[in-house]
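J.: See coords_2.txt below, with compact mmCIF, C-alpha atoms and all ligand atoms.
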# COMPACT_ATOMS: atom_id res chain seq x y z
CA MET Q 9 27.07 22.80 0.96
CA SER Q 10 30.75 22.35 0.17
CA VAL Q 11 32.35 18.96 0.58
CA GLU Q 12 34.78 20.14 3.27
CA LEU Q 13 31.85 21.22 5.46
CA GLU Q 14 30.31 17.74 5.35
CA PRO Q 15 30.58 16.29 8.84
CA PRO Q 16 31.57 12.65 9.23
CA GLY Q 17 28.66 10.34 8.54
CA ALA Q 18 26.83 12.82 6.30
CA ARG Q 19 25.46 11.62 2.98
CA ASP Q 20 25.34 13.91 -0.01
CA SER Q 21 22.41 14.73 -2.29
CA THR Q 22 23.54 12.20 -4.89
CA TRP Q 23 23.24 9.34 -2.39
CA TRP Q 24 19.78 10.41 -1.20
CA LEU Q 25 18.51 11.00 -4.73
CA THR Q 26 19.81 7.64 -5.97
CA VAL Q 27 18.18 5.80 -3.06
CA LEU Q 28 14.89 7.71 -3.44
CA ARG Q 29 14.73 6.90 -7.17
CA ARG Q 30 15.39 3.23 -6.45
CA ARG Q 31 12.72 3.19 -3.74
CA ALA Q 32 10.23 4.85 -6.12
CA LEU Q 33 10.68 2.05 -8.66
CA LYS Q 34 10.11 -0.58 -5.98
CA MET Q 35 7.12 1.15 -4.39
CA ALA Q 36 4.80 -0.10 -7.14
CA ARG Q 37 5.65 -3.70 -6.21
CA GLU Q 38 4.80 -3.29 -2.53
CA PRO Q 39 1.68 -5.07 -1.26
CA THR Q 40 -1.45 -2.99 -0.69
CA ALA Q 41 -3.29 -2.87 2.63
CA ALA Q 42 -6.22 -4.63 0.92
CA GLU Q 43 -3.97 -7.70 0.50
CA LEU Q 44 -3.39 -7.97 4.24
CA PRO Q 45 -5.47 -10.47 6.20
CA PRO Q 46 -8.31 -8.77 8.11
CA PRO Q 47 -6.99 -7.68 11.52
CA ARG Q 48 -8.70 -9.02 14.62
CA PHE Q 49 -9.04 -6.98 17.79
CA THR Q 50 -9.67 -8.19 21.32
CA ASP Q 51 -12.71 -5.99 21.74
CA GLU Q 52 -14.49 -2.91 20.43
CA THR Q 53 -12.45 -0.58 22.67
CA GLU Q 54 -9.21 -1.80 21.15
CA ARG Q 55 -10.60 -1.50 17.61
CA ARG Q 56 -11.78 2.06 18.21
CA ALA Q 57 -8.39 2.98 19.67
CA ALA Q 58 -6.71 1.48 16.56
CA VAL Q 59 -8.97 3.62 14.37
CA ALA Q 60 -7.88 6.71 16.36
CA PHE Q 61 -4.20 5.69 16.13
CA PHE Q 62 -4.26 5.16 12.36
CA ASN Q 63 -6.34 8.30 11.78
CA ALA Q 64 -3.60 10.34 13.49
CA ALA Q 65 -1.09 8.57 11.24
CA PHE Q 66 -3.23 9.34 8.17
CA ARG Q 67 -3.29 13.07 9.01
CA ALA Q 68 0.47 13.13 9.48
CA GLU Q 69 1.02 11.48 6.08
CA GLU Q 70 -1.42 13.83 4.41
CA SER Q 71 0.36 16.85 5.86
CA GLY Q 72 3.81 15.47 4.91
CA LEU Q 73 2.69 14.86 1.34
CA ARG Q 74 1.23 18.35 0.90
CA GLN Q 75 4.18 20.18 2.42
CA ALA Q 76 6.76 18.13 0.52
CA HIS Q 77 5.14 18.77 -2.86
CA GLU Q 78 4.74 22.48 -2.18
CA LEU Q 79 8.38 22.73 -1.15
CA ALA Q 80 9.44 20.61 -4.15
CA HIS Q 81 8.06 23.23 -6.46
CA GLU Q 82 9.83 26.08 -4.67
CA ALA Q 83 13.16 24.30 -4.09
CA GLY Q 84 13.19 22.99 -7.67
CA THR Q 85 13.59 26.54 -8.96
CA TRP Q 86 17.04 26.89 -7.28
CA ASP Q 87 18.12 23.26 -6.89
CA PRO Q 88 16.44 20.80 -9.29
CA ALA Q 89 17.94 17.77 -7.48
CA LEU Q 90 16.54 18.95 -4.14
CA GLY Q 91 13.19 19.57 -5.85
CA GLU Q 92 13.16 16.01 -7.19
CA MET Q 93 14.12 14.57 -3.79
CA LEU Q 94 11.26 16.45 -2.13
CA ARG Q 95 8.84 15.26 -4.79
CA LEU Q 96 9.91 11.62 -4.42
CA TYR Q 97 9.76 11.91 -0.64
CA GLY Q 98 6.25 13.42 -0.89
CA ASN Q 99 5.24 10.50 -3.12
CA GLU Q 100 6.32 8.07 -0.39
CA GLU Q 101 4.08 9.91 2.09
CA GLY Q 102 1.29 9.80 -0.51
CA TRP Q 103 1.73 6.04 -0.74
CA HIS Q 104 1.54 5.79 3.07
CA ARG Q 105 -1.61 7.87 3.02
CA GLU Q 106 -3.21 5.49 0.50
CA LEU Q 107 -2.13 2.47 2.53
CA LEU Q 108 -3.62 3.97 5.68
CA GLU Q 109 -6.86 4.89 3.96
CA GLU Q 110 -7.26 1.28 2.79
CA PHE Q 111 -6.24 -0.03 6.18
CA LEU Q 112 -8.71 2.21 8.02
CA ALA Q 113 -11.51 0.97 5.78
CA ARG Q 114 -10.37 -2.57 6.55
CA ILE Q 115 -10.61 -2.11 10.30
CA GLY Q 116 -14.07 -0.62 9.97
CA GLY Q 117 -13.08 2.95 10.77
CA GLY Q 118 -12.41 5.09 7.73
CA VAL Q 119 -10.97 8.57 7.86
CA THR Q 120 -12.68 10.59 10.59
CA PRO Q 121 -12.67 14.39 11.09
CA MET Q 122 -9.72 15.69 13.10
CA GLY Q 123 -10.11 16.25 16.83
CA ARG Q 124 -9.65 19.68 18.43
CA VAL Q 125 -5.96 19.33 19.34
CA THR Q 126 -4.97 17.77 16.02
CA ARG Q 127 -6.81 20.46 14.08
CA ALA Q 128 -5.17 23.24 16.10
CA LEU Q 129 -1.76 21.65 15.61
CA TYR Q 130 -2.02 21.36 11.85
CA ARG Q 131 -3.51 24.85 11.57
CA ALA Q 132 -0.48 26.27 13.40
CA TYR Q 133 1.82 24.24 11.16
CA ALA Q 134 0.01 25.42 8.00
CA CYS Q 135 0.74 29.03 9.04
CA ALA Q 136 4.48 28.42 8.71
CA GLU Q 137 5.72 30.18 5.61
CA ARG Q 138 9.48 30.06 5.77
CA MET Q 139 10.98 27.03 4.13
CA GLU Q 140 13.32 26.19 7.01
CA THR Q 141 10.41 26.37 9.50
CA ILE Q 142 8.29 24.03 7.37
CA VAL Q 143 11.13 21.53 6.86
CA LEU Q 144 12.16 21.60 10.52
CA THR Q 145 8.60 21.21 11.80
CA ASN Q 146 7.94 18.39 9.37
CA LEU Q 147 11.17 16.72 10.49
CA MET Q 148 10.02 16.89 14.11
CA PHE Q 149 6.58 15.46 13.21
CA GLU Q 150 8.35 12.66 11.33
CA THR Q 151 10.43 11.95 14.42
CA ILE Q 152 7.48 11.59 16.76
CA GLY Q 153 5.63 9.55 14.11
CA ALA Q 154 8.57 7.16 13.71
CA THR Q 155 8.89 6.89 17.49
CA THR Q 156 5.19 6.13 18.02
CA TYR Q 157 5.13 3.51 15.24
CA ARG Q 158 8.22 1.81 16.61
CA MET Q 159 6.91 1.69 20.17
CA ALA Q 160 3.47 0.46 19.06
CA LEU Q 161 5.21 -2.29 17.08
CA ARG Q 162 6.78 -3.54 20.31
CA ASN Q 163 3.38 -3.91 21.99
CA VAL Q 164 1.01 -4.99 19.23
CA ARG Q 165 0.72 -8.71 18.47
CA GLU Q 166 -1.90 -8.77 15.71
CA PRO Q 167 -0.06 -9.91 12.50
CA ALA Q 168 -1.82 -7.67 9.94
CA VAL Q 169 -1.39 -4.61 12.16
CA ARG Q 170 2.26 -5.50 12.67
CA ARG Q 171 2.75 -5.64 8.89
CA MET Q 172 1.31 -2.14 8.59
CA LEU Q 173 3.37 -0.77 11.48
CA THR Q 174 6.54 -2.35 10.11
CA ILE Q 175 6.12 -0.62 6.74
CA LEU Q 176 5.56 2.74 8.45
CA THR Q 177 8.39 2.31 11.00
CA ARG Q 178 10.84 1.25 8.30
CA ASP Q 179 10.05 4.16 5.98
CA GLU Q 180 9.93 6.83 8.70
CA SER Q 181 13.37 5.67 9.89
CA PHE Q 182 14.55 6.63 6.43
CA HIS Q 183 12.54 9.87 6.27
CA VAL Q 184 13.88 11.43 9.46
CA PRO Q 185 17.54 11.72 8.38
CA LEU Q 186 16.36 12.55 4.87
CA ASN Q 187 14.56 15.56 6.33
CA VAL Q 188 17.70 16.48 8.28
CA HIS Q 189 19.40 16.54 4.88
CA PHE Q 190 16.64 18.79 3.48
CA LEU Q 191 16.99 21.12 6.45
CA ARG Q 192 20.75 21.37 5.99
CA ALA Q 193 20.27 22.12 2.28
CA VAL Q 194 17.77 24.90 3.04
CA LEU Q 195 19.91 26.37 5.82
CA ALA Q 196 23.01 26.28 3.60
CA ARG Q 197 21.14 28.59 1.25
CA ARG Q 198 19.79 30.77 4.06
CA PRO Q 199 22.40 30.71 6.83
CA ASN Q 200 20.83 33.79 8.46
CA ALA Q 201 17.75 31.72 9.26
CA LEU Q 202 19.68 29.40 11.57
CA GLY Q 203 19.04 31.39 14.77
CA ARG Q 204 15.32 31.46 14.13
CA ALA Q 205 15.29 27.75 13.26
CA ARG Q 206 16.97 26.93 16.59
CA LEU Q 207 14.21 28.83 18.39
CA VAL Q 208 11.48 27.03 16.41
CA TYR Q 209 13.14 23.73 17.33
CA ARG Q 210 12.97 24.48 21.05
CA LEU Q 211 9.37 25.75 20.93
CA ALA Q 212 8.10 22.85 18.81
CA PHE Q 213 10.01 20.47 21.08
CA VAL Q 214 7.94 21.57 24.09
CA GLY Q 215 4.65 21.37 22.16
CA LEU Q 216 5.33 17.89 20.76
CA VAL Q 217 6.44 16.44 24.08
CA LEU Q 218 3.04 17.46 25.48
CA LEU Q 219 1.17 15.74 22.65
CA PRO Q 220 0.82 12.35 24.43
CA LEU Q 221 -1.52 14.09 26.90
CA ALA Q 222 -3.99 14.45 24.02
CA SER Q 223 -3.27 11.22 22.14
CA ARG Q 224 -3.12 8.70 25.00
CA PRO Q 225 -6.79 8.73 26.05
CA LYS Q 226 -7.74 7.93 22.43
CA ALA Q 227 -5.09 5.44 21.32
CA ARG Q 228 -3.70 3.76 24.42
CA ALA Q 229 -6.12 0.82 24.39
CA PHE Q 230 -4.54 -0.11 21.04
CA ASP Q 231 -0.82 0.72 21.33
CA ARG Q 232 -0.48 0.26 25.12
CA ILE Q 233 2.02 3.10 25.42
CA GLY Q 234 1.83 5.19 28.60
CA THR Q 235 1.72 9.00 28.58
CA ARG Q 236 5.01 9.57 30.38
CA GLU Q 237 6.70 6.73 28.49
CA LEU Q 238 5.75 8.29 25.15
CA ALA Q 239 6.62 11.85 26.22
CA ARG Q 240 10.06 10.64 27.35
CA ALA Q 241 10.62 8.79 24.09
CA TYR Q 242 9.63 11.85 22.05
CA ALA Q 243 11.99 14.01 24.12
CA ARG Q 244 14.86 11.54 23.73
CA GLU Q 245 14.45 11.22 19.95
CA LEU Q 246 13.89 14.94 19.36
CA ALA Q 247 16.96 15.71 21.49
CA GLY Q 248 19.05 13.27 19.45
CA LEU Q 249 17.86 14.51 16.05
CA PHE Q 250 20.99 16.49 15.28
CA ASP Q 251 23.52 14.13 16.84
CA ASP Q 252 25.10 13.65 13.42
CA HIS Q 253 25.22 17.43 12.88
CA PRO Q 254 26.48 19.24 15.97
CA GLU Q 255 27.70 22.05 13.69
CA LEU Q 256 24.07 23.25 13.35
CA GLY Q 257 23.94 24.07 17.06
CA PHE Q 258 20.40 22.77 17.71
CA THR Q 259 20.30 22.21 21.45
CA PRO Q 260 17.23 20.73 23.15
CA PRO Q 261 15.47 22.47 26.06
CA TRP Q 262 17.41 20.81 28.90
CA LEU Q 263 14.78 21.73 31.49
CA VAL Q 264 12.17 19.64 29.64
CA LEU Q 265 14.60 16.72 29.46
CA LYS Q 266 15.33 17.07 33.16
CA LEU Q 267 11.63 17.22 34.10
CA LEU Q 268 11.01 14.05 32.12
CA GLY Q 269 14.05 12.33 33.58
CA VAL Q 270 15.75 11.98 30.19
CA LYS Q 271 19.46 12.00 30.92
CA GLU Q 272 20.92 12.57 27.47
CA ALA Q 273 20.53 11.62 23.87
CA ARG Q 274 22.23 8.40 22.91
CA THR Q 275 25.53 8.13 21.09
CA SER Q 276 25.41 9.10 17.43
CA GLY Q 277 24.28 6.26 15.17
CA GLN Q 278 22.40 4.37 17.89
CA SER Q 279 19.16 6.26 17.45
CA PRO Q 280 16.50 4.44 15.40
CA THR Q 281 16.11 7.68 13.43
CA SER Q 282 19.82 8.32 12.82
CA LEU Q 283 21.60 8.33 9.50
CA ALA Q 284 22.87 4.82 10.30
CA ALA Q 285 19.25 3.71 10.77
CA ALA Q 286 18.32 5.31 7.43
CA GLU Q 287 21.04 3.35 5.71
CA ARG Q 288 19.69 0.14 7.24
CA ALA Q 289 16.12 1.02 6.16
CA ALA Q 290 16.98 2.37 2.70
CA GLU Q 291 16.45 -0.94 0.90
CA ARG Q 292 12.87 -1.86 1.72
CA GLU Q 293 13.18 -5.52 0.81
CA HIS Q 294 15.93 -5.97 3.43
CA VAL Q 295 13.51 -5.04 6.23
CA VAL Q 296 11.37 -7.95 7.31
CA VAL Q 297 8.38 -8.14 9.60
CA GLU Q 298 9.56 -9.71 12.81
CA GLU Q 299 7.28 -12.14 14.54
CA ALA Q 300 5.69 -10.78 17.70
FE FE N 401 4.97 8.37 6.14
FE FE N 402 7.57 10.11 6.59
In structure tokens, what does this structure look like?
T.:
Amino acid sequence: MSVELEPPGARDSTWWLTVLRRRALKMAREPTAAELPPPRFTDETERRAAVAFFNAAFRAEESGLRQAHELAHEAGTWDPALGEMLRLYGNEEGWHRELLEEFLARIGGGVTPMGRVTRALYRAYACAERMETIVLTNLMFETIGATTYRMALRNVREPAVRRMLTILTRDESFHVPLNVHFLRAVLARRPNALGRARLVYRLAFVGLVLLPLASRPKARAFDRIGTRELARAYARELAGLFDDHPELGFTPPWLVLKLLGVKEARTSGQSPTSLAAAERAAEREHVVVEEA
């Protein structure tokens, strides 16, 4: 994309690549989940709900890793820098997946087979073939993941679990605008795909906002987030995804926002998944675990 088309607040590929390379070097020095103190849960119901919560997270990381590395290969043939960014981003998801696998073993759960809704969701996602559809859908999954982690962090008091949630929240805050950057790069190469991408955005929006209906019965005893509360938060964050890029013309389904009582997305830069938030989260060591 040419420099003059860069909207205010946009970061170019060089910035993202530099930050991703720096993060990759530091990733090796991050603590592993095995080093965390063993988490304690109030009762068996809460522990089981935590296992369900972190299993959903594990599946999301696994999917992000696979898609990113597949796209890295394809994108690398026409833009080596974009290919490298996708590979480094995929590696971060791979690291999250490892962390979650260790953490699940630590809370006595392990990785369990996917439930019906989750399986159907990832099957539908796996059918996506066009690059812009894959990047956009992944971006939307990242957004709801970041939102769920952040909200759970507000409610959970257990120190080891908070450490885990902080790592995930911090990195997903960085990944969301990074994926907006990927999407813009893909759409710049295939501008004719924009109309279709806008339609995918609106359809996926509706599907993802309904997801709390399936996730709440399993995870609520752990994260204490209500169904409507989570659906509203998903809608607000998904609606604000392209605040920094109005030129793309992604408009949310207003009827869904109205039904949920979501008035409007917040001002650009205020969203926890905005570019401004990514800049704050870019340097991992500057993000600390706040006491509950
Ligand atoms: Fe992740
Ligand atoms: Fe991510």
J.: Which residues, protein or nucleic acid, reach to within 12 Å of (10.0, 17.2, 33.9) in the file's coordinates when using only C-alpha atoms, and can you give that as a PyMOL selection string?
T.: chain Q and resi 214+217-218+236+239-240+243+261-271
J.: Would you name the residues within 7 Å of ligand FE 402 (chain N), counting all atoms listed in the file, and put them as a CSV table (one decimal) with C-alpha atoms, keeping the file's coordinate frame?
T.:
chain,number,residue,atom,x,y,z
Q,69,GLU,CA,1.0,11.5,6.1
Q,72,GLY,CA,3.8,15.5,4.9
Q,101,GLU,CA,4.1,9.9,2.1
Q,150,GLU,CA,8.4,12.7,11.3
Q,179,ASP,CA,10.0,4.2,6.0
Q,180,GLU,CA,9.9,6.8,8.7
Q,183,HIS,CA,12.5,9.9,6.3
J.: How many Å lie between atom CA of His77 of chain Q and atom CA of Arg95 of chain Q, rounded to one decimal?
T.: 5.5 Å
J.: What is the atom CA of Ala134 of chain Q-atom CA of Thr120 of chain Q distance in Å, reported with one decimal?
T.: 19.7 Å
J.: Counting all atoms listed in the file, which residue out of Q:Pro260, Q:Pro220, Q:Pro185, Q:Gly153 sits closest to ligand FE 401 (chain N)?
T.: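 Once distances to ligand FE 401 (chain N) are computed over all atoms listed in the file, the minimum belongs to Q:Gly153.
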J.: Could you jot down the atom CA of Arg29 of chain Q to atom CA of Leu186 of chain Q separation for me, Å, one decimal place?
T.: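 Rounded to one decimal, the two atoms are 13.4 Å apart.
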J.: Of the residues Q:Val169, Q:Ile175, Q:Ala41, Q:Val125, which is the one nearest to ligand FE 401 (chain N), using all atoms listed in the file?
T.: Q:Ile175
J.: Considering only C-alpha atoms and all ligand atoms, can you say which of Q:Leu161, Q:Leu173, Q:Leu112, Q:Leu246 comes closest to ligand FE 401 (chain N)?
T.: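 Ranking Q:Leu161, Q:Leu173, Q:Leu112, Q:Leu246 by distance to ligand FE 401 (chain N), first place goes to Q:Leu173.
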J.: Calculated over all atoms listed in the file, which of the candidates Q:Val143, Q:Val59, Q:Met159, Q:Val184 has the smallest distance to ligand FE 401 (chain N)?
T.: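 Closest to ligand FE 401 (chain N), using all atoms listed in the file: Q:Val184.
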J.: Taking only C-alpha atoms into account, name the residue in Q:Arg138, Q:His104, Q:Arg244, Q:His81 that is nearest to Ala205 of chain Q.
T.: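 Distance minimum relative to Ala205 of chain Q lands on Q:Arg138.
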J.: Pick from Q:Phe149, Q:Tyr130, Q:Tyr157, Q:Phe62: nearest to Leu107 of chain Q, with only C-alpha atoms counted?
T.: Q:Phe62
J.: Any idea what's packed within 12 Å of Phe230 of chain Q, counting only C-alpha atoms, ignoring anything in its chain fewer than 4 positions away? Could you give it as a ChimeraX atom specification?
T.: /Q:48-62,156-157,159-166,169,223-226,234
J.: Tell me, as a PyMOL selection string, which residues lie within 9 Å of Gln75 of chain Q, counting all atoms listed in the file; anything in the same chain fewer than 3 positions away does not count.
T.: chain Q and resi 70-72+78-80+98+134+142-143+146
